[in-house]
>>> print(open('run-v9.csv').read())   # CSV, C-alpha atoms
chain,number,residue,atom,x,y,z
V,224,MET,CA,-9.1,-20.3,31.1
V,225,ALA,CA,-9.1,-17.3,28.7
V,226,LYS,CA,-10.1,-18.1,25.2
V,227,ILE,CA,-8.5,-16.8,22.0
V,228,ASN,CA,-10.0,-15.1,19.0
V,229,SER,CA,-10.4,-18.2,16.9
V,230,ASN,CA,-10.5,-16.2,13.7
V,231,TYR,CA,-6.8,-15.9,13.9
V,232,GLN,CA,-6.5,-19.6,13.4
V,233,LYS,CA,-8.2,-19.3,10.1
V,234,LEU,CA,-5.2,-17.4,8.7
V,235,ALA,CA,-3.5,-19.5,6.1
V,236,ALA,CA,0.1,-20.3,6.9
V,237,GLY,CA,2.3,-17.4,8.1
V,238,TYR,CA,2.1,-13.9,6.8
V,239,LEU,CA,3.7,-13.6,3.4
V,240,PHE,CA,6.8,-11.6,4.3
V,241,PRO,CA,7.7,-13.4,7.5
V,242,GLU,CA,7.7,-16.6,5.5
V,243,ILE,CA,10.0,-15.1,2.9
V,244,GLY,CA,12.3,-14.0,5.8
V,245,ARG,CA,12.3,-17.5,7.2
V,246,ARG,CA,13.3,-19.1,3.9
V,247,VAL,CA,16.0,-16.5,3.2
V,248,SER,CA,17.4,-16.9,6.8
V,249,ALA,CA,17.6,-20.6,6.3
V,250,PHE,CA,19.4,-20.2,3.0
V,251,THR,CA,21.9,-17.7,4.3
V,252,ALA,CA,22.6,-19.8,7.3
V,253,ALA,CA,23.4,-22.8,5.1
V,254,ASN,CA,25.3,-20.6,2.5
V,255,PRO,CA,27.1,-17.9,4.5
V,256,ASP,CA,29.3,-16.8,1.6
V,257,ALA,CA,26.4,-16.2,-0.8
V,258,LYS,CA,25.7,-12.6,-1.7
V,259,VAL,CA,21.9,-12.4,-1.5
V,260,ILE,CA,20.2,-9.5,-3.4
V,261,ARG,CA,16.9,-8.7,-1.9
V,262,LEU,CA,14.2,-7.4,-4.3
V,263,GLY,CA,11.3,-8.8,-2.4
V,264,ILE,CA,9.8,-6.7,0.3
V,265,GLY,CA,9.2,-3.1,-0.7
V,266,ASP,CA,11.6,-1.4,1.6
V,267,VAL,CA,13.5,1.7,0.4
V,268,VAL,CA,17.3,2.0,0.4
V,269,LEU,CA,17.9,5.7,-0.2
V,270,PRO,CA,18.4,8.1,2.7
V,271,LEU,CA,16.1,10.8,3.8
V,272,ALA,CA,16.4,13.9,1.7
V,273,GLU,CA,18.2,16.9,3.2
V,274,PRO,CA,15.2,19.2,3.5
V,275,ILE,CA,13.3,16.5,5.4
V,276,ARG,CA,16.3,15.7,7.7
V,277,LYS,CA,16.7,19.4,8.5
V,278,ALA,CA,13.0,19.7,9.4
V,279,ILE,CA,13.2,16.7,11.7
V,280,ASP,CA,16.3,18.1,13.3
V,281,ALA,CA,14.6,21.4,13.8
V,282,GLY,CA,11.6,19.6,15.4
V,283,VAL,CA,13.9,17.8,17.8
V,284,GLU,CA,15.7,21.0,18.7
V,285,GLU,CA,12.3,22.6,19.6
V,286,LEU,CA,11.7,19.7,22.0
V,287,GLY,CA,15.0,20.5,23.7
V,288,HIS,CA,13.8,23.9,25.0
V,289,ILE,CA,11.1,24.6,27.6
V,290,GLU,CA,9.6,27.4,25.7
V,291,SER,CA,9.0,25.3,22.6
V,292,PHE,CA,8.6,21.8,24.1
V,293,LYS,CA,5.5,19.8,23.2
V,294,GLY,CA,4.0,16.8,24.9
V,295,TYR,CA,1.0,15.0,23.5
V,296,GLY,CA,-0.1,16.3,20.2
V,297,PRO,CA,-3.5,16.0,18.5
V,298,GLU,CA,-4.2,12.4,17.6
V,299,GLN,CA,-5.4,13.4,14.2
V,300,GLY,CA,-2.1,15.2,13.4
V,301,TYR,CA,-0.8,18.7,13.8
V,302,GLU,CA,-2.7,21.4,11.8
V,303,PHE,CA,0.4,22.5,9.9
V,304,LEU,CA,0.8,19.0,8.4
V,305,ARG,CA,-2.9,18.4,7.8
V,306,GLN,CA,-3.1,21.7,5.9
V,307,ALA,CA,0.0,20.9,3.8
V,308,ILE,CA,-1.5,17.6,2.9
V,309,ALA,CA,-4.9,19.1,2.0
V,310,ASP,CA,-3.1,21.8,-0.2
V,311,HIS,CA,-1.3,19.0,-2.0
V,312,PHE,CA,-4.5,17.2,-2.8
V,313,GLN,CA,-6.0,20.5,-4.0
V,314,SER,CA,-3.0,20.9,-6.4
V,315,GLN,CA,-3.9,17.5,-7.8
V,316,GLY,CA,-7.5,18.5,-8.5
V,317,ALA,CA,-8.8,16.7,-5.5
V,318,ASP,CA,-11.2,18.4,-3.0
V,319,VAL,CA,-9.9,17.7,0.4
V,320,ALA,CA,-10.1,19.8,3.6
V,321,ALA,CA,-7.4,19.8,6.3
V,322,ASP,CA,-9.9,18.5,9.0
V,323,GLU,CA,-10.6,15.5,6.8
V,324,VAL,CA,-7.0,14.4,7.0
V,325,PHE,CA,-5.9,11.9,9.7
V,326,VAL,CA,-2.1,11.5,10.2
V,327,SER,CA,-1.0,8.1,11.2
V,328,ASP,CA,2.1,5.8,11.5
V,329,GLY,CA,1.5,3.9,8.3
V,330,SER,CA,-1.0,3.2,5.5
V,331,LYS,CA,-0.6,-0.6,6.2
V,332,CYS,CA,-1.9,0.2,9.7
V,333,ASP,CA,-4.8,2.3,8.4
V,334,THR,CA,-5.9,-0.1,5.7
V,335,GLY,CA,-5.9,-2.8,8.3
V,336,ASN,CA,-7.6,-0.8,11.0
V,337,ILE,CA,-10.3,0.9,8.9
V,338,GLN,CA,-12.4,-2.3,8.9
V,339,GLU,CA,-13.1,-1.8,12.6
V,340,ILE,CA,-15.6,0.9,12.0
V,341,PHE,CA,-17.8,-1.3,9.9
V,342,SER,CA,-20.2,-4.1,10.9
V,343,THR,CA,-18.8,-7.6,11.2
V,344,ASP,CA,-21.4,-8.9,8.7
V,345,ALA,CA,-20.2,-6.4,6.0
V,346,VAL,CA,-19.6,-8.1,2.6
V,347,VAL,CA,-16.1,-7.4,1.5
V,348,ALA,CA,-14.7,-7.3,-2.0
V,349,VAL,CA,-11.0,-7.5,-2.8
V,350,THR,CA,-9.0,-7.7,-5.9
V,351,ASP,CA,-7.0,-10.9,-6.6
V,352,PRO,CA,-4.0,-10.7,-6.4
V,353,VAL,CA,-4.3,-8.4,-3.4
V,354,TYR,CA,-2.1,-6.8,-0.7
V,355,PRO,CA,-2.5,-9.4,2.1
V,356,VAL,CA,-3.4,-6.9,4.9
V,357,TYR,CA,-6.8,-6.2,3.3
V,358,VAL,CA,-7.7,-9.9,3.5
V,359,ASP,CA,-6.0,-10.9,6.8
V,360,THR,CA,-7.5,-8.2,8.9
V,361,ASN,CA,-11.0,-9.0,7.8
V,362,VAL,CA,-10.3,-12.7,8.5
V,363,MET,CA,-9.2,-11.6,12.0
V,364,ALA,CA,-12.4,-9.6,12.5
V,365,GLY,CA,-14.5,-12.6,11.7
V,366,ARG,CA,-16.0,-11.6,8.4
V,367,THR,CA,-14.9,-14.8,6.6
V,368,GLY,CA,-15.1,-18.6,6.8
V,369,ALA,CA,-12.1,-20.8,6.3
V,370,ALA,CA,-9.7,-20.7,3.4
V,371,ASP,CA,-10.1,-23.2,0.6
V,372,ALA,CA,-7.3,-25.1,-1.1
V,373,SER,CA,-6.5,-22.1,-3.3
V,374,GLY,CA,-6.3,-19.8,-0.3
V,375,ARG,CA,-9.6,-18.0,-0.9
V,376,TYR,CA,-11.7,-17.3,2.2
V,377,GLU,CA,-15.4,-18.2,2.3
V,378,GLY,CA,-17.4,-15.0,2.5
V,379,LEU,CA,-15.0,-12.7,0.7
V,380,VAL,CA,-15.8,-11.6,-2.9
V,381,TYR,CA,-12.7,-11.9,-5.1
V,382,MET,CA,-12.3,-9.8,-8.2
V,383,PRO,CA,-9.6,-11.3,-10.4
V,384,CYS,CA,-7.0,-9.0,-12.0
V,385,THR,CA,-5.4,-10.9,-14.8
V,386,VAL,CA,-3.5,-10.4,-18.0
V,387,GLU,CA,-6.8,-11.2,-19.8
V,388,ASN,CA,-8.7,-8.3,-18.3
V,389,GLY,CA,-5.7,-6.0,-18.3
V,390,PHE,CA,-5.5,-6.1,-14.5
V,391,ASP,CA,-8.8,-4.1,-14.4
V,392,PRO,CA,-11.2,-5.8,-12.0
V,393,GLU,CA,-14.8,-6.3,-13.1
V,394,LEU,CA,-17.6,-5.0,-10.9
V,395,PRO,CA,-19.2,-7.5,-8.6
V,396,THR,CA,-22.3,-9.2,-9.9
V,397,GLY,CA,-24.0,-8.8,-6.6
V,398,HIS,CA,-24.0,-6.3,-3.7
V,399,VAL,CA,-20.9,-5.7,-1.6
V,400,ASP,CA,-20.4,-3.3,1.2
V,401,LEU,CA,-16.7,-2.6,1.2
V,402,ILE,CA,-14.4,-2.5,-1.9
V,403,TYR,CA,-10.6,-2.5,-1.6
V,404,LEU,CA,-8.9,-0.9,-4.5
V,405,CYS,CA,-5.2,-0.2,-4.9
V,406,SER,CA,-3.8,2.0,-7.7
V,407,PRO,CA,-1.0,2.1,-8.6
V,408,ASN,CA,-1.4,-1.5,-7.7
V,409,ASN,CA,0.7,-3.6,-5.3
V,410,PRO,CA,1.7,-6.2,-6.5
V,411,THR,CA,0.9,-5.9,-10.3
V,412,GLY,CA,2.0,-2.3,-10.9
V,413,ALA,CA,-1.2,-1.6,-12.9
V,414,VAL,CA,-3.0,1.8,-12.7
V,415,LEU,CA,-6.7,2.1,-12.9
V,416,SER,CA,-7.9,4.5,-15.6
V,417,ARG,CA,-10.2,7.5,-14.9
V,418,GLU,CA,-13.0,5.6,-16.7
V,419,ALA,CA,-12.5,2.5,-14.5
V,420,LEU,CA,-12.6,4.6,-11.3
V,421,GLN,CA,-15.7,6.4,-12.4
V,422,LYS,CA,-17.3,3.0,-12.9
V,423,TRP,CA,-16.4,2.0,-9.3
V,424,VAL,CA,-17.7,5.3,-7.9
V,425,ASP,CA,-21.0,4.9,-9.8
V,426,TYR,CA,-21.3,1.3,-8.5
V,427,ALA,CA,-20.6,2.4,-4.9
V,428,LYS,CA,-23.2,5.2,-5.1
V,429,ALA,CA,-25.8,2.9,-6.5
V,430,ASN,CA,-25.2,0.2,-3.9
V,431,GLU,CA,-24.4,2.3,-0.9
V,432,SER,CA,-20.9,0.7,-0.8
V,433,ILE,CA,-17.7,2.2,0.5
V,434,ILE,CA,-14.5,2.2,-1.5
V,435,LEU,CA,-11.3,1.9,0.5
V,436,PHE,CA,-8.8,3.4,-2.0
V,437,ASP,CA,-5.1,2.7,-1.3
V,438,SER,CA,-3.0,5.2,-3.3
V,439,ALA,CA,0.3,4.8,-1.4
V,440,TYR,CA,2.2,4.8,-4.7
V,441,GLU,CA,0.5,7.7,-6.4
V,442,ALA,CA,3.7,9.7,-6.5
V,443,TYR,CA,5.1,7.2,-9.0
V,444,ILE,CA,2.6,8.1,-11.7
V,445,SER,CA,4.4,9.9,-14.5
V,446,ASP,CA,1.4,10.3,-16.9
V,447,PRO,CA,-0.5,13.5,-16.0
V,448,SER,CA,-3.7,12.1,-17.5
V,449,LEU,CA,-3.8,9.3,-14.9
V,450,VAL,CA,-5.7,9.7,-11.7
V,451,ARG,CA,-3.6,10.1,-8.5
V,452,SER,CA,-6.5,10.6,-6.1
V,453,ILE,CA,-9.9,9.0,-6.2
V,454,TYR,CA,-11.3,12.4,-5.2
V,455,GLU,CA,-10.6,13.6,-8.8
V,456,ILE,CA,-13.6,11.5,-9.7
V,457,PRO,CA,-17.0,13.1,-9.5
V,458,GLY,CA,-19.0,11.7,-6.6
V,459,ALA,CA,-16.1,10.0,-4.9
V,460,ARG,CA,-16.2,12.2,-1.8
V,461,ASP,CA,-19.6,10.5,-0.9
V,462,VAL,CA,-18.3,6.9,-1.1
V,463,ALA,CA,-14.5,6.7,-0.7
V,464,ILE,CA,-11.8,6.8,1.9
V,465,GLU,CA,-8.3,7.3,0.6
V,466,PHE,CA,-5.0,6.1,2.1
V,467,ARG,CA,-1.5,7.5,1.4
V,468,SER,CA,2.0,7.1,2.8
V,469,PHE,CA,5.3,8.8,3.1
V,470,SER,CA,7.1,5.5,3.2
V,471,LYS,CA,7.8,4.9,-0.5
V,472,THR,CA,7.6,8.5,-1.6
V,473,ALA,CA,10.0,10.1,1.0
V,474,GLY,CA,11.8,7.1,2.5
V,475,PHE,CA,9.8,6.9,5.7
V,476,THR,CA,9.6,3.1,6.0
V,477,GLY,CA,11.6,3.2,9.2
V,478,VAL,CA,10.4,6.7,10.2
V,479,ARG,CA,6.7,5.9,10.1
V,480,CYS,CA,4.2,8.5,8.9
V,481,ALA,CA,1.1,8.3,6.6
V,482,TYR,CA,-2.3,9.8,6.3
V,483,THR,CA,-5.9,8.8,5.6
V,484,VAL,CA,-8.6,11.0,4.2
V,485,VAL,CA,-12.2,10.5,5.4
V,486,PRO,CA,-14.5,13.1,3.8
V,487,LYS,CA,-17.1,14.5,6.1
V,488,SER,CA,-19.7,13.6,3.4
V,489,VAL,CA,-19.0,9.9,3.4
V,490,GLN,CA,-21.6,7.9,5.4
V,491,ALA,CA,-22.8,4.4,6.1
V,492,ARG,CA,-25.9,3.0,7.9
V,493,ASN,CA,-26.2,1.8,11.5
V,494,GLU,CA,-28.3,-1.2,12.5
V,495,ASN,CA,-31.4,1.0,12.5
V,496,GLY,CA,-30.8,2.1,8.9
V,497,GLU,CA,-29.8,5.6,9.9
V,498,LEU,CA,-26.9,7.4,8.1
V,499,VAL,CA,-23.8,7.8,10.2
V,500,SER,CA,-20.7,9.9,9.5
V,501,LEU,CA,-17.6,7.7,8.9
V,502,HIS,CA,-15.5,10.8,9.6
V,503,THR,CA,-16.8,10.9,13.1
V,504,LEU,CA,-16.3,7.2,13.6
V,505,TRP,CA,-12.8,7.2,12.4
V,506,SER,CA,-11.9,10.2,14.5
V,507,ARG,CA,-13.3,8.4,17.6
V,508,ARG,CA,-11.4,5.2,16.7
V,509,GLN,CA,-8.1,7.1,16.3
V,510,THR,CA,-8.5,9.3,19.4
V,511,THR,CA,-9.2,6.2,21.4
V,512,LYS,CA,-6.6,3.8,20.1
V,513,PHE,CA,-3.8,6.1,18.7
V,514,ASN,CA,-1.6,8.8,20.3
V,515,GLY,CA,-0.4,10.4,17.2
V,516,VAL,CA,2.8,10.6,15.2
V,517,SER,CA,5.8,12.4,17.0
V,518,TYR,CA,6.1,16.1,16.4
V,519,PRO,CA,9.6,16.0,14.8
V,520,ILE,CA,8.4,13.4,12.3
V,521,GLN,CA,5.4,15.5,11.4
V,522,LYS,CA,7.7,18.4,10.8
V,523,GLY,CA,9.8,16.2,8.5
V,524,ALA,CA,6.6,15.1,6.7
V,525,ALA,CA,5.5,18.7,6.2
V,526,ALA,CA,8.8,19.4,4.6
V,527,VAL,CA,8.0,16.9,1.9
V,528,PHE,CA,5.4,19.4,0.5
V,529,THR,CA,7.8,22.3,0.3
V,530,PRO,CA,9.3,23.1,-3.1
V,531,GLU,CA,12.7,21.8,-1.9
V,532,GLY,CA,11.1,18.6,-0.5
V,533,GLN,CA,9.1,18.0,-3.7
V,534,ALA,CA,12.2,18.4,-5.8
V,535,ALA,CA,14.1,16.0,-3.6
V,536,ILE,CA,11.5,13.2,-3.6
V,537,LYS,CA,11.1,13.5,-7.3
V,538,GLU,CA,14.8,12.6,-7.6
V,539,THR,CA,14.4,9.7,-5.3
V,540,ILE,CA,11.4,8.4,-7.2
V,541,ALA,CA,13.2,8.8,-10.5
V,542,TYR,CA,16.1,6.6,-9.1
V,543,TYR,CA,13.7,3.8,-8.2
V,544,MET,CA,11.8,4.1,-11.5
V,545,GLU,CA,15.1,3.8,-13.4
V,546,ASN,CA,15.7,0.6,-11.4
V,547,ALA,CA,12.2,-0.6,-12.5
V,548,ARG,CA,13.1,0.1,-16.1
V,549,LEU,CA,16.3,-1.9,-15.9
V,550,ILE,CA,14.5,-4.8,-14.3
V,551,ARG,CA,11.5,-4.7,-16.7
V,552,GLU,CA,13.6,-4.4,-19.9
V,553,GLY,CA,16.3,-6.8,-18.7
V,554,LEU,CA,13.7,-9.6,-18.0
V,555,ALA,CA,11.9,-8.9,-21.3
V,556,GLU,CA,15.2,-9.4,-23.1
V,557,ALA,CA,15.5,-12.7,-21.3
V,558,GLY,CA,12.1,-13.7,-22.8
V,559,ILE,CA,10.1,-13.4,-19.6
V,560,ALA,CA,6.7,-11.8,-19.7
V,561,VAL,CA,6.7,-8.7,-17.5
V,562,TYR,CA,4.0,-6.2,-16.4
V,563,GLY,CA,4.0,-3.1,-14.3
V,564,GLY,CA,7.2,-1.1,-13.5
V,565,VAL,CA,6.0,2.0,-15.5
V,566,HIS,CA,3.9,3.9,-12.9
V,567,ALA,CA,4.8,1.8,-9.9
V,568,PRO,CA,8.0,0.4,-8.4
V,569,TYR,CA,6.9,-3.2,-8.8
V,570,ILE,CA,7.5,-5.6,-11.7
V,571,TRP,CA,5.0,-8.4,-12.0
V,572,LEU,CA,6.4,-11.3,-14.1
V,573,LYS,CA,5.1,-14.6,-15.4
V,574,THR,CA,7.0,-17.5,-13.9
V,575,PRO,CA,8.7,-19.5,-16.7
V,576,GLY,CA,7.3,-22.9,-17.7
V,577,ASN,CA,4.8,-24.4,-15.4
V,578,ILE,CA,6.6,-23.9,-12.1
V,579,THR,CA,4.7,-22.4,-9.2
V,580,SER,CA,5.5,-19.0,-7.7
V,581,TRP,CA,7.1,-20.5,-4.6
V,582,GLU,CA,9.1,-22.9,-6.8
V,583,PHE,CA,10.4,-19.9,-8.7
V,584,PHE,CA,11.2,-18.2,-5.4
V,585,ASP,CA,13.3,-21.1,-4.3
V,586,LEU,CA,15.0,-21.3,-7.8
V,587,LEU,CA,16.0,-17.6,-7.8
V,588,LEU,CA,17.2,-17.8,-4.2
V,589,SER,CA,19.2,-21.0,-4.7
V,590,LYS,CA,20.6,-20.4,-8.2
V,591,ALA,CA,20.8,-16.6,-8.5
V,592,HIS,CA,20.8,-15.6,-4.9
V,593,VAL,CA,18.0,-13.1,-5.6
V,594,VAL,CA,15.0,-12.7,-3.4
V,595,GLY,CA,11.6,-11.7,-4.8
V,596,THR,CA,8.0,-12.3,-3.7
V,597,PRO,CA,5.8,-15.2,-4.9
V,598,GLY,CA,2.7,-14.2,-6.6
V,599,SER,CA,0.6,-16.8,-4.8
V,600,GLY,CA,1.2,-14.9,-1.5
V,601,PHE,CA,-1.1,-12.2,-2.9
V,602,GLY,CA,-3.9,-14.5,-3.8
V,603,SER,CA,-4.9,-17.4,-6.0
V,604,SER,CA,-4.8,-15.3,-9.2
V,605,GLY,CA,-1.2,-14.5,-8.3
V,606,GLU,CA,-0.2,-18.1,-8.7
V,607,GLY,CA,2.3,-18.5,-11.6
V,608,TYR,CA,3.4,-14.9,-11.2
V,609,PHE,CA,6.2,-13.2,-9.2
V,610,ARG,CA,6.9,-9.7,-7.9
V,611,LEU,CA,10.2,-7.9,-8.0
V,612,SER,CA,10.7,-4.6,-6.2
V,613,ALA,CA,12.7,-1.7,-7.7
V,614,PHE,CA,13.7,-0.6,-4.2
V,615,GLY,CA,17.4,-1.5,-4.4
V,616,VAL,CA,20.8,0.0,-4.8
V,617,ARG,CA,21.5,0.4,-8.5
V,618,GLU,CA,24.5,-1.8,-8.7
V,619,ASN,CA,22.6,-4.6,-7.0
V,620,VAL,CA,19.7,-4.2,-9.3
V,621,ILE,CA,22.0,-4.5,-12.4
V,622,GLU,CA,23.7,-7.5,-10.9
V,623,ALA,CA,20.4,-9.2,-10.0
V,624,VAL,CA,19.1,-8.8,-13.6
V,625,SER,CA,22.4,-10.2,-14.9
V,626,ARG,CA,22.1,-13.2,-12.6
V,627,ILE,CA,18.5,-13.9,-13.6
V,628,LYS,CA,19.3,-13.6,-17.3
V,629,ALA,CA,22.2,-16.0,-16.8
V,630,LEU,CA,19.8,-18.7,-15.7
V,631,LYS,CA,18.4,-18.8,-19.3
V,632,LEU,CA,14.9,-19.6,-18.1
>>> encode(input="run-v9.csv", output="structure tokens")
Amino acid sequence: MAKINSNYQKLAAGYLFPEIGRRVSAFTAANPDAKVIRLGIGDVVLPLAEPIRKAIDAGVEELGHIESFKGYGPEQGYEFLRQAIADHFQSQGADVAADEVFVSDGSKCDTGNIQEIFSTDAVVAVTDPVYPVYVDTNVMAGRTGAADASGRYEGLVYMPCTVENGFDPELPTGHVDLIYLCSPNNPTGAVLSREALQKWVDYAKANESIILFDSAYEAYISDPSLVRSIYEIPGARDVAIEFRSFSKTAGFTGVRCAYTVVPKSVQARNENGELVSLHTLWSRRQTTKFNGVSYPIQKGAAAVFTPEGQAAIKETIAYYMENARLIREGLAEAGIAVYGGVHAPYIWLKTPGNITSWEFFDLLLSKAHVVGTPGSGFGSSGEGYFRLSAFGVRENVIEAVSRIKALKL
């Protein structure tokens, strides 16, 4: 009889968002007249901007004529999109070449798949709280033992991000091989400073570590002094891989397009101690396991970087950030401690009293008919906290804040 990969059985409970969906489905089935407002999963609500729609339409039109029809495209992405992405990085002060860009169907996929090119005995460090994909994919790969009562896996190095340290994780006391960083952070909404990122780059260079830098929300940064790309930091091209997405910046959550940058200068060692190009390994992985993003969608993604596209997505981001302001300020008026929501579309709040994050989830759902995300789903340091998303229709956001304030927590 075939045997399973037993590492999957180490995964604690269900994946966070399916569990939320299960509880919401049970509630709505029992309360069919309840108007549930969902501010949990980070899914966008505004439509694709017109310049992007027109570019996608034009791409589809090309596929309808024999002289412009295209079949399989390059797995790494079409040159026109890779060059537009590289030019955008350059405009932000980050040195990135077009052939260092790999277009994909999502940064969730890439941050989950990147671990495949590293050895199974690599020591992995993650922030806590953390985006669950970073942890779960390493569990699936066999890099951990079982989870303890708090949900932490044996073998992973956890770096707490708390109110006390300003959500700025401390360097590991020992050696780690892979370091997952997310800035602006999901779920806390915190942004790592230039000085903090330089500290991490210096650590990585001294320890021959690799930083896996998730900057999916960089477009939400409004302070020009803050870092958008880790490649703005001297030395980062030798030790960092960066992940970005069109999902939250241009409304591509259902369209699917993202990109990962693997500089040709970033290397790691093989079992003989020889230096190997990670760019080459990732290219081999993608060309083996991925057939590329569709041509019309890449045409739409390229339109994001036109002047018209940039103006349109700035309007979209401003809409969501106004939602974030309304949530942040409304909850603060209600006496709830709130964090984030300034350079990120997430508000991280302290649950009132001594109730757990899942108890607060059930309270909001049953009493206010509002859905959020329990902090404990992001790790043990997330217990006692809760995430609300600014991705909602304005009227619903205003009503949700009003309902929460009415609970007089």
>>> residues_near_point(input="run-v9.csv", point="(7.2, -22.2, -18.5)", cutoff="12 Å", atoms="all atoms listed in the file", output="list in words")
Gly558, Ile559, Ala560, Leu572, Lys573, Thr574, Pro575, Gly576, Asn577, Ile578, Thr579, Ser580, Glu582, Phe583, Gly607, Tyr608, Lys631 and Leu632 of chain V
>>> residues_near_point(input="run-v9.csv", point="(-17.1, -8.2, 3.3)", cutoff="9 Å", atoms="only C-alpha atoms", output="JSON, numbers by chain")
{"V": [343, 344, 345, 346, 347, 348, 349, 361, 366, 367, 378, 379, 380, 399, 400, 401, 402]}
>>> residues_around(input="run-v9.csv", residues="Gly553 of chain V", least_positions_apart="6", cutoff="12 Å", atoms="only C-alpha atoms", output="list in words")
Glu545, Asn546, Ala547, Ile559, Ala560, Val561, Gly564, Ile570, Leu572, Val620, Ile621, Glu622, Ala623, Val624, Ser625, Arg626, Ile627, Lys628 and Ala629 of chain V
>>> closest_residue(input="run-v9.csv", among="V:Gly316, V:Gly287, V:Pro355, V:Gly244", to="Lys331 of chain V", atoms="all atoms listed in the file")
V:Pro355
>>> closest_residue(input="run-v9.csv", among="V:Tyr403, V:Tyr443, V:Phe601, V:Phe469", to="His566 of chain V", atoms="all atoms listed in the file")
V:Tyr443
>>> residues_around(input="run-v9.csv", residues="segment 335-339 of chain V", least_positions_apart="6", cutoff="12 Å", atoms="all atoms listed in the file", output="VMD selection string")
chain V and resid 325 327 to 329 345 to 347 354 to 366 400 to 403 433 to 437 463 to 466 483 to 485 501 to 502 504 to 509 512 to 513
>>> write_last_selection(input="run-v9.csv", atoms="C-alpha atoms", output="PDB file, keeping the file's coordinate frame")
ATOM      1  CA  PHE V 325      -5.900  11.900   9.700  1.00  0.00           C
ATOM      2  CA  SER V 327      -1.000   8.100  11.200  1.00  0.00           C
ATOM      3  CA  ASP V 328       2.100   5.800  11.500  1.00  0.00           C
ATOM      4  CA  GLY V 329       1.500   3.900   8.300  1.00  0.00           C
ATOM      5  CA  ALA V 345     -20.200  -6.400   6.000  1.00  0.00           C
ATOM      6  CA  VAL V 346     -19.600  -8.100   2.600  1.00  0.00           C
ATOM      7  CA  VAL V 347     -16.100  -7.400   1.500  1.00  0.00           C
ATOM      8  CA  TYR V 354      -2.100  -6.800  -0.700  1.00  0.00           C
ATOM      9  CA  PRO V 355      -2.500  -9.400   2.100  1.00  0.00           C
ATOM     10  CA  VAL V 356      -3.400  -6.900   4.900  1.00  0.00           C
ATOM     11  CA  TYR V 357      -6.800  -6.200   3.300  1.00  0.00           C
ATOM     12  CA  VAL V 358      -7.700  -9.900   3.500  1.00  0.00           C
ATOM     13  CA  ASP V 359      -6.000 -10.900   6.800  1.00  0.00           C
ATOM     14  CA  THR V 360      -7.500  -8.200   8.900  1.00  0.00           C
ATOM     15  CA  ASN V 361     -11.000  -9.000   7.800  1.00  0.00           C
ATOM     16  CA  VAL V 362     -10.300 -12.700   8.500  1.00  0.00           C
ATOM     17  CA  MET V 363      -9.200 -11.600  12.000  1.00  0.00           C
ATOM     18  CA  ALA V 364     -12.400  -9.600  12.500  1.00  0.00           C
ATOM     19  CA  GLY V 365     -14.500 -12.600  11.700  1.00  0.00           C
ATOM     20  CA  ARG V 366     -16.000 -11.600   8.400  1.00  0.00           C
ATOM     21  CA  ASP V 400     -20.400  -3.300   1.200  1.00  0.00           C
ATOM     22  CA  LEU V 401     -16.700  -2.600   1.200  1.00  0.00           C
ATOM     23  CA  ILE V 402     -14.400  -2.500  -1.900  1.00  0.00           C
ATOM     24  CA  TYR V 403     -10.600  -2.500  -1.600  1.00  0.00           C
ATOM     25  CA  ILE V 433     -17.700   2.200   0.500  1.00  0.00           C
ATOM     26  CA  ILE V 434     -14.500   2.200  -1.500  1.00  0.00           C
ATOM     27  CA  LEU V 435     -11.300   1.900   0.500  1.00  0.00           C
ATOM     28  CA  PHE V 436      -8.800   3.400  -2.000  1.00  0.00           C
ATOM     29  CA  ASP V 437      -5.100   2.700  -1.300  1.00  0.00           C
ATOM     30  CA  ALA V 463     -14.500   6.700  -0.700  1.00  0.00           C
ATOM     31  CA  ILE V 464     -11.800   6.800   1.900  1.00  0.00           C
ATOM     32  CA  GLU V 465      -8.300   7.300   0.600  1.00  0.00           C
ATOM     33  CA  PHE V 466      -5.000   6.100   2.100  1.00  0.00           C
ATOM     34  CA  THR V 483      -5.900   8.800   5.600  1.00  0.00           C
ATOM     35  CA  VAL V 484      -8.600  11.000   4.200  1.00  0.00           C
ATOM     36  CA  VAL V 485     -12.200  10.500   5.400  1.00  0.00           C
ATOM     37  CA  LEU V 501     -17.600   7.700   8.900  1.00  0.00           C
ATOM     38  CA  HIS V 502     -15.500  10.800   9.600  1.00  0.00           C
ATOM     39  CA  LEU V 504     -16.300   7.200  13.600  1.00  0.00           C
ATOM     40  CA  TRP V 505     -12.800   7.200  12.400  1.00  0.00           C
ATOM     41  CA  SER V 506     -11.900  10.200  14.500  1.00  0.00           C
ATOM     42  CA  ARG V 507     -13.300   8.400  17.600  1.00  0.00           C
ATOM     43  CA  ARG V 508     -11.400   5.200  16.700  1.00  0.00           C
ATOM     44  CA  GLN V 509      -8.100   7.100  16.300  1.00  0.00           C
ATOM     45  CA  LYS V 512      -6.600   3.800  20.100  1.00  0.00           C
ATOM     46  CA  PHE V 513      -3.800   6.100  18.700  1.00  0.00           C
TER      47      PHE V 513
END
>>> atom_distance(input="run-v9.csv", atom1="atom CA of Ser470 of chain V", atom2="atom CA of Asp310 of chain V")
19.5 Å
>>> residues_around(input="run-v9.csv", residues="segment 417-419 of chain V", least_positions_apart="4", cutoff="9 Å", atoms="only C-alpha atoms", output="NGL selection string")
:V and (391-392 or 423-424 or 448-450 or 453 or 455-456)
>>> write_last_selection(input="run-v9.csv", atoms="C-alpha atoms", output="compact mmCIF listing (two decimals), in the coordinates of the input")
# COMPACT_ATOMS: atom_id res chain seq x y z
CA ASP V 391 -8.80 -4.10 -14.40
CA PRO V 392 -11.20 -5.80 -12.00
CA TRP V 423 -16.40 2.00 -9.30
CA VAL V 424 -17.70 5.30 -7.90
CA SER V 448 -3.70 12.10 -17.50
CA LEU V 449 -3.80 9.30 -14.90
CA VAL V 450 -5.70 9.70 -11.70
CA ILE V 453 -9.90 9.00 -6.20
CA GLU V 455 -10.60 13.60 -8.80
CA ILE V 456 -13.60 11.50 -9.70
